[in-house]
$ cat upload_25.pdb   # PDB, C-alpha atoms
MODEL        1
ATOM      1  CA  MET A   1     -27.884  -1.165   4.949
ATOM      2  CA  LYS A   2     -27.997  -4.400   6.972
ATOM      3  CA  LYS A   3     -28.166  -6.451   3.769
ATOM      4  CA  GLU A   4     -25.162  -4.549   2.451
ATOM      5  CA  ILE A   5     -23.158  -5.233   5.627
ATOM      6  CA  ARG A   6     -24.061  -8.941   5.550
ATOM      7  CA  LYS A   7     -23.047  -9.134   1.901
ATOM      8  CA  ILE A   8     -19.712  -7.462   2.640
ATOM      9  CA  ILE A   9     -19.004  -9.845   5.512
ATOM     10  CA  THR A  10     -19.841 -12.825   3.302
ATOM     11  CA  ILE A  11     -17.522 -11.595   0.564
ATOM     12  CA  ILE A  12     -14.677 -10.873   3.008
ATOM     13  CA  LYS A  13     -14.997 -14.360   4.498
ATOM     14  CA  ALA A  14     -14.465 -15.746   0.998
ATOM     15  CA  ALA A  15     -11.406 -13.547   0.363
ATOM     16  CA  PRO A  16      -8.391 -15.395  -1.081
ATOM     17  CA  ASN A  17      -5.774 -16.350   1.528
ATOM     18  CA  LEU A  18      -7.810 -14.705   4.296
ATOM     19  CA  LYS A  19      -6.770 -17.384   6.791
ATOM     20  CA  ALA A  20      -3.086 -17.084   5.877
ATOM     21  CA  ASN A  21      -3.225 -13.282   6.084
ATOM     22  CA  THR A  22      -5.024 -13.447   9.422
ATOM     23  CA  ILE A  23      -2.407 -15.815  10.842
ATOM     24  CA  SER A  24       0.403 -13.601   9.513
ATOM     25  CA  SER A  25      -1.242 -10.580  11.112
ATOM     26  CA  ILE A  26      -1.579 -12.327  14.493
ATOM     27  CA  ILE A  27       2.039 -13.557  14.419
ATOM     28  CA  THR A  28       3.327 -10.096  13.500
ATOM     29  CA  LEU A  29       1.212  -8.547  16.250
ATOM     30  CA  CYS A  30       2.458 -11.026  18.875
ATOM     31  CA  VAL A  31       6.119 -10.625  17.909
ATOM     32  CA  GLY A  32       5.687  -6.852  17.929
ATOM     33  CA  MET A  33       4.143  -6.936  21.408
ATOM     34  CA  ILE A  34       6.958  -9.106  22.721
ATOM     35  CA  LEU A  35       9.590  -6.746  21.333
ATOM     36  CA  LEU A  36       7.708  -3.749  22.723
ATOM     37  CA  ALA A  37       8.527  -5.097  26.173
ATOM     38  CA  LYS A  38      12.230  -4.693  25.398
ATOM     39  CA  GLN A  39      14.252  -1.500  25.695
ATOM     40  CA  GLY A  40      16.555   0.065  23.124
ATOM     41  CA  PHE A  41      17.048  -1.406  19.643
ATOM     42  CA  LEU A  42      14.298  -4.044  19.805
ATOM     43  CA  THR A  43      11.670  -1.527  20.910
ATOM     44  CA  GLY A  44      11.773   0.288  17.570
ATOM     45  CA  THR A  45      11.592  -2.995  15.673
ATOM     46  CA  GLY A  46       8.622  -4.079  17.779
ATOM     47  CA  LYS A  47       6.756  -0.844  17.089
ATOM     48  CA  ILE A  48       7.255  -1.221  13.330
ATOM     49  CA  LEU A  49       5.966  -4.815  13.429
ATOM     50  CA  PHE A  50       3.089  -3.739  15.635
ATOM     51  CA  ILE A  51       2.087  -1.061  13.127
ATOM     52  CA  THR A  52       2.319  -3.316  10.043
ATOM     53  CA  CYS A  53       0.244  -6.192  11.450
ATOM     54  CA  THR A  54      -3.099  -4.856  10.169
ATOM     55  CA  THR A  55      -1.876  -4.440   6.579
ATOM     56  CA  PHE A  56      -2.250  -8.207   6.075
ATOM     57  CA  ILE A  57      -5.993  -8.008   6.737
ATOM     58  CA  GLN A  58      -6.398  -4.927   4.557
ATOM     59  CA  GLN A  59      -4.601  -6.674   1.701
ATOM     60  CA  ALA A  60      -6.866  -9.715   2.066
ATOM     61  CA  ILE A  61      -9.905  -7.455   1.713
ATOM     62  CA  MET A  62      -8.370  -5.765  -1.311
ATOM     63  CA  LEU A  63      -7.683  -9.177  -2.875
ATOM     64  CA  SER A  64     -11.331 -10.122  -2.511
ATOM     65  CA  SER A  65     -12.217  -7.180  -4.757
ATOM     66  CA  GLY A  66     -10.679  -8.977  -7.710
ATOM     67  CA  SER A  67     -13.116 -11.872  -7.558
ATOM     68  CA  GLY A  68     -15.898 -12.255 -10.099
ATOM     69  CA  LEU A  69     -18.430 -12.060  -7.262
ATOM     70  CA  ILE A  70     -17.257  -8.557  -6.433
ATOM     71  CA  GLN A  71     -16.765  -7.388  -9.994
ATOM     72  CA  SER A  72     -20.380  -8.187 -10.846
ATOM     73  CA  SER A  73     -21.714  -6.656  -7.639
ATOM     74  CA  SER A  74     -23.161  -3.197  -7.116
ATOM     75  CA  SER A  75     -20.697  -2.900  -4.234
ATOM     76  CA  ALA A  76     -17.662  -3.340  -6.517
ATOM     77  CA  LYS A  77     -16.434   0.237  -6.333
ATOM     78  CA  ARG A  78     -17.039   0.622  -2.606
ATOM     79  CA  MET A  79     -15.163  -2.635  -1.920
ATOM     80  CA  GLN A  80     -12.109  -1.158  -3.628
ATOM     81  CA  THR A  81     -12.326   2.477  -2.606
ATOM     82  CA  PHE A  82     -14.169   2.792   0.691
ATOM     83  CA  TYR A  83     -14.672  -0.324   2.792
ATOM     84  CA  PRO A  84     -10.973  -1.293   3.114
ATOM     85  CA  CYS A  85     -10.218   2.247   4.307
ATOM     86  CA  ILE A  86     -13.067   2.211   6.821
ATOM     87  CA  ILE A  87     -11.990  -1.185   8.176
ATOM     88  CA  GLN A  88      -8.339  -0.113   8.392
ATOM     89  CA  PHE A  89      -8.998   3.268  10.032
ATOM     90  CA  PRO A  90     -10.022   2.152  13.571
ATOM     91  CA  PHE A  91      -7.079  -0.256  13.663
ATOM     92  CA  SER A  92      -4.732   2.559  12.613
ATOM     93  CA  ILE A  93      -6.074   4.808  15.371
ATOM     94  CA  LEU A  94      -5.745   1.964  17.894
ATOM     95  CA  MET A  95      -2.174   1.150  16.810
ATOM     96  CA  TYR A  96      -1.193   4.814  16.989
ATOM     97  CA  THR A  97      -2.777   5.247  20.425
ATOM     98  CA  ILE A  98      -0.908   2.224  21.798
ATOM     99  CA  ILE A  99       2.387   3.352  20.245
ATOM    100  CA  ALA A 100       1.957   6.876  21.633
ATOM    101  CA  PHE A 101       1.080   5.560  25.105
ATOM    102  CA  HIS A 102       4.037   3.165  25.026
ATOM    103  CA  SER A 103       6.453   5.873  23.847
ATOM    104  CA  ILE A 104       5.379   8.274  26.589
ATOM    105  CA  TYR A 105       4.693   6.105  29.627
ATOM    106  CA  ILE A 106       6.529   2.789  29.165
ATOM    107  CA  ASP A 107       9.595   3.233  26.960
ATOM    108  CA  THR A 108      12.180   4.942  29.167
ATOM    109  CA  THR A 109      14.930   5.028  26.520
ATOM    110  CA  PHE A 110      14.329   8.714  25.792
ATOM    111  CA  ASP A 111      12.975  11.740  27.566
ATOM    112  CA  ILE A 112       9.525  13.089  26.726
ATOM    113  CA  SER A 113      10.750  15.668  24.213
ATOM    114  CA  TRP A 114      12.436  13.026  22.066
ATOM    115  CA  SER A 115       9.504  10.640  22.436
ATOM    116  CA  CYS A 116       7.288  13.349  20.940
ATOM    117  CA  TRP A 117       9.279  13.304  17.712
ATOM    118  CA  PHE A 118       9.124   9.525  17.548
ATOM    119  CA  ILE A 119       5.345   9.634  17.984
ATOM    120  CA  ILE A 120       5.125  11.829  14.882
ATOM    121  CA  LEU A 121       7.518   9.587  12.921
ATOM    122  CA  TYR A 122       5.423   6.520  13.713
ATOM    123  CA  SER A 123       2.195   8.338  12.787
ATOM    124  CA  ILE A 124       3.678   9.152   9.360
ATOM    125  CA  LEU A 125       4.593   5.486   8.937
ATOM    126  CA  ILE A 126       1.032   4.439   9.818
ATOM    127  CA  ALA A 127      -0.384   6.945   7.317
ATOM    128  CA  GLY A 128       1.918   5.624   4.593
ATOM    129  CA  LEU A 129       0.895   2.039   5.266
ATOM    130  CA  GLU A 130      -2.779   3.057   5.026
ATOM    131  CA  ILE A 131      -2.214   4.328   1.502
ATOM    132  CA  MET A 132       0.163   1.796  -0.057
ATOM    133  CA  PRO A 133      -2.163  -1.278  -0.222
ATOM    134  CA  HIS A 134      -4.328   0.620  -2.716
ATOM    135  CA  VAL A 135      -1.286   1.245  -4.906
ATOM    136  CA  ASN A 136      -0.189  -2.398  -4.538
ATOM    137  CA  TYR A 137      -3.641  -3.529  -5.657
ATOM    138  CA  LYS A 138      -3.278  -1.759  -8.994
ATOM    139  CA  TYR A 139       0.511  -1.644  -9.481
ATOM    140  CA  PHE A 140       1.924  -4.414  -7.325
ATOM    141  CA  GLY A 141       5.606  -4.131  -8.255
ATOM    142  CA  PHE A 142       5.719  -0.350  -7.984
ATOM    143  CA  GLY A 143       3.648  -0.399  -4.798
ATOM    144  CA  PHE A 144       5.857  -3.040  -3.174
ATOM    145  CA  ILE A 145       8.983  -0.994  -3.898
ATOM    146  CA  CYS A 146       7.343   2.144  -2.482
ATOM    147  CA  THR A 147       6.250   0.254   0.637
ATOM    148  CA  MET A 148       9.817  -0.921   1.223
ATOM    149  CA  LEU A 149      11.060   2.633   0.659
ATOM    150  CA  ILE A 150       8.678   3.721   3.416
ATOM    151  CA  ILE A 151       9.480   0.979   5.941
ATOM    152  CA  ILE A 152      13.245   0.488   5.522
ATOM    153  CA  PRO A 153      14.331   4.146   5.973
ATOM    154  CA  TYR A 154      12.145   4.412   9.078
ATOM    155  CA  ALA A 155      13.650   1.228  10.478
ATOM    156  CA  VAL A 156      17.182   2.518   9.819
ATOM    157  CA  ILE A 157      16.473   5.986  11.248
ATOM    158  CA  ILE A 158      14.679   4.734  14.340
ATOM    159  CA  CYS A 159      17.071   1.891  15.134
ATOM    160  CA  ASN A 160      20.214   3.964  14.497
ATOM    161  CA  PHE A 161      18.909   6.729  16.699
ATOM    162  CA  GLU A 162      18.044   4.318  19.469
ATOM    163  CA  LYS A 163      21.574   2.904  19.303
ATOM    164  CA  HIS A 164      23.660   6.004  18.551
ATOM    165  CA  ASN A 165      21.400   9.083  18.962
ATOM    166  CA  MET A 166      21.934   9.973  15.308
ATOM    167  CA  LEU A 167      18.783  12.096  14.846
ATOM    168  CA  HIS A 168      19.394  15.791  15.325
ATOM    169  CA  LEU A 169      15.966  17.295  15.847
ATOM    170  CA  PRO A 170      14.896  20.225  18.038
ATOM    171  CA  SER A 171      13.658  18.780  21.322
ATOM    172  CA  SER A 172      11.160  21.476  22.274
ATOM    173  CA  LEU A 173       7.964  19.911  20.864
ATOM    174  CA  ALA A 174       5.197  19.768  23.478
ATOM    175  CA  LEU A 175       3.743  16.365  24.345
ATOM    176  CA  THR A 176       0.107  17.344  23.751
ATOM    177  CA  ASN A 177       0.952  18.954  20.415
ATOM    178  CA  ALA A 178       2.876  15.876  19.289
ATOM    179  CA  VAL A 179      -0.003  13.526  20.094
ATOM    180  CA  ILE A 180      -2.545  15.771  18.342
ATOM    181  CA  ILE A 181      -0.313  16.144  15.276
ATOM    182  CA  GLY A 182       0.070  12.364  15.177
ATOM    183  CA  TYR A 183      -3.689  11.807  15.228
ATOM    184  CA  LEU A 184      -4.141  14.388  12.459
ATOM    185  CA  ILE A 185      -1.498  12.640  10.343
ATOM    186  CA  VAL A 186      -3.186   9.247  10.776
ATOM    187  CA  ILE A 187      -6.601  10.710   9.898
ATOM    188  CA  THR A 188      -5.096  12.482   6.873
ATOM    189  CA  GLY A 189      -3.560   9.187   5.756
ATOM    190  CA  SER A 190      -6.983   7.528   5.873
ATOM    191  CA  LEU A 191      -8.584  10.321   3.856
ATOM    192  CA  LEU A 192      -5.766  10.219   1.302
ATOM    193  CA  SER A 193      -6.137   6.450   1.019
ATOM    194  CA  ILE A 194      -9.798   6.918   0.025
ATOM    195  CA  LEU A 195      -8.832   9.633  -2.462
ATOM    196  CA  ILE A 196      -6.053   7.561  -4.041
ATOM    197  CA  ALA A 197      -8.278   4.469  -4.177
ATOM    198  CA  ASN A 198     -10.878   6.475  -6.098
ATOM    199  CA  LEU A 199      -8.269   7.952  -8.436
ATOM    200  CA  LEU A 200      -6.908   4.468  -9.220
ATOM    201  CA  TYR A 201     -10.288   2.740  -9.408
ATOM    202  CA  LYS A 202     -10.473   2.674 -13.204
ATOM    203  CA  SER A 203      -6.925   1.322 -13.545
ATOM    204  CA  PRO A 204      -6.762  -2.422 -14.250
ATOM    205  CA  ILE A 205      -6.277  -4.727 -11.274
ATOM    206  CA  SER A 206      -2.717  -5.968 -10.866
ATOM    207  CA  ALA A 207      -1.944  -9.303 -12.518
ATOM    208  CA  HIS A 208      -0.564 -10.445  -9.153
ATOM    209  CA  VAL A 209      -3.959  -9.836  -7.528
ATOM    210  CA  MET A 210      -5.803 -11.694 -10.282
ATOM    211  CA  LYS A 211      -3.325 -14.574 -10.023
ATOM    212  CA  ALA A 212      -3.942 -14.786  -6.269
ATOM    213  CA  ASN A 213      -7.687 -14.943  -6.886
ATOM    214  CA  THR A 214      -7.243 -17.680  -9.505
ATOM    215  CA  LYS A 215      -5.169 -19.808  -7.120
ATOM    216  CA  ALA A 216      -7.536 -19.314  -4.165
TER     217      ALA A 216
ENDMDL
END

$ encode --input "upload_25.pdb" --output "structure tokens"
Amino acid sequence: MKKEIRKIITIIKAAPNLKANTISSIITLCVGMILLAKQGFLTGTGKILFITCTTFIQQAIMLSSGSGLIQSSSSAKRMQTFYPCIIQFPFSILMYTIIAFHSIYIDTTFDISWSCWFIILYSILIAGLEIMPHVNYKYFGFGFICTMLIIIPYAVIICNFEKHNMLHLPSSLALTNAVIIGYLIVITGSLLSILIANLLYKSPISAHVMKANTKA
């Protein structure tokens, strides 16, 4: 087990564009945290950036799976179907916990009942972003379009509501229930990401991924 972990760490360190993806993740995280300190329109934008920051690292790990070192390794399947999900999961839980805490105790734009619905919306977004890198890895163009279809509508809904109160949802959801539902959604997203990664494992790696490995 220890040898396996060391081998994984070695492979991840050699992942194409790992440094660039790490820097992008840190920048996105910092900008998101700065915007989280704002109220109103910028708060929603900051939360979306905050959530998406870890996808850069997950994509770097997925890119490493296209290397010849991985393809000839006994860990090839696990590097595509299991390890990225396991690495992403604690970050997803952490991001969700921070977003939920911020929505309830710091962001005073809405009352608690409305914050509960936003907690669930953000948990669905996190779950979607857990799944889409695996689709991007096999079908980059289709996956990219789907990712945008996930992010953009959420940005429009959240920002429009924060500006004009355009969401018309029942406001009777209990705080505890909302937080629990959010955690269940995030966990379900992680499990689905493993399932989808296994279903797509035999599909050829995207030409975009192979091109990135060739350039690296």

$ resolve_selection --input "upload_25.pdb" --expression "the PyMOL selection byres ((chain A and resi 125-129) around 8)" --output "PyMOL selection string"
chain A and resi 51-52+55+92+96+121-124+130-133+147+150-151+154+185-190

$ atom_distance --input "upload_25.pdb" --atom1 "atom CA of A:Asn21" --atom2 "atom CA of A:Gln59"
8.0 Å

$ closest_residue --input "upload_25.pdb" --among "A:Leu173, A:Cys53, A:Ala37, A:Thr43" --to "A:Ser25" --atoms "all atoms listed in the file"
A:Cys53

$ atom_distance --input "upload_25.pdb" --atom1 "atom CA of A:Ile93" --atom2 "atom CA of A:Met148"
22.0 Å

$ atom_distance --input "upload_25.pdb" --atom1 "atom CA of A:Asp107" --atom2 "atom CA of A:Asn177"
19.1 Å

$ closest_residue --input "upload_25.pdb" --among "A:Arg6, A:Lys202, A:Arg78, A:Lys47" --to "A:Phe101" --atoms "all atoms listed in the file"
A:Lys47

$ resolve_selection --input "upload_25.pdb" --expression "the PyMOL selection byres ((chain A and resi 32) around 7)" --output "list in words"
Thr28, Leu29, Cys30, Val31, Met33, Ile34, Leu35, Leu36, Gly46, Lys47, Leu49 and Phe50 of chain A

$ closest_residue --input "upload_25.pdb" --among "A:Val179, A:Leu195, A:Trp114, A:Ser206" --to "A:Phe144" --atoms "all atoms listed in the file"
A:Ser206

$ closest_residue --input "upload_25.pdb" --among "A:Thr54, A:Ser193, A:Ser24, A:Ser203" --to "A:Thr81" --atoms "all atoms listed in the file"
A:Ser193
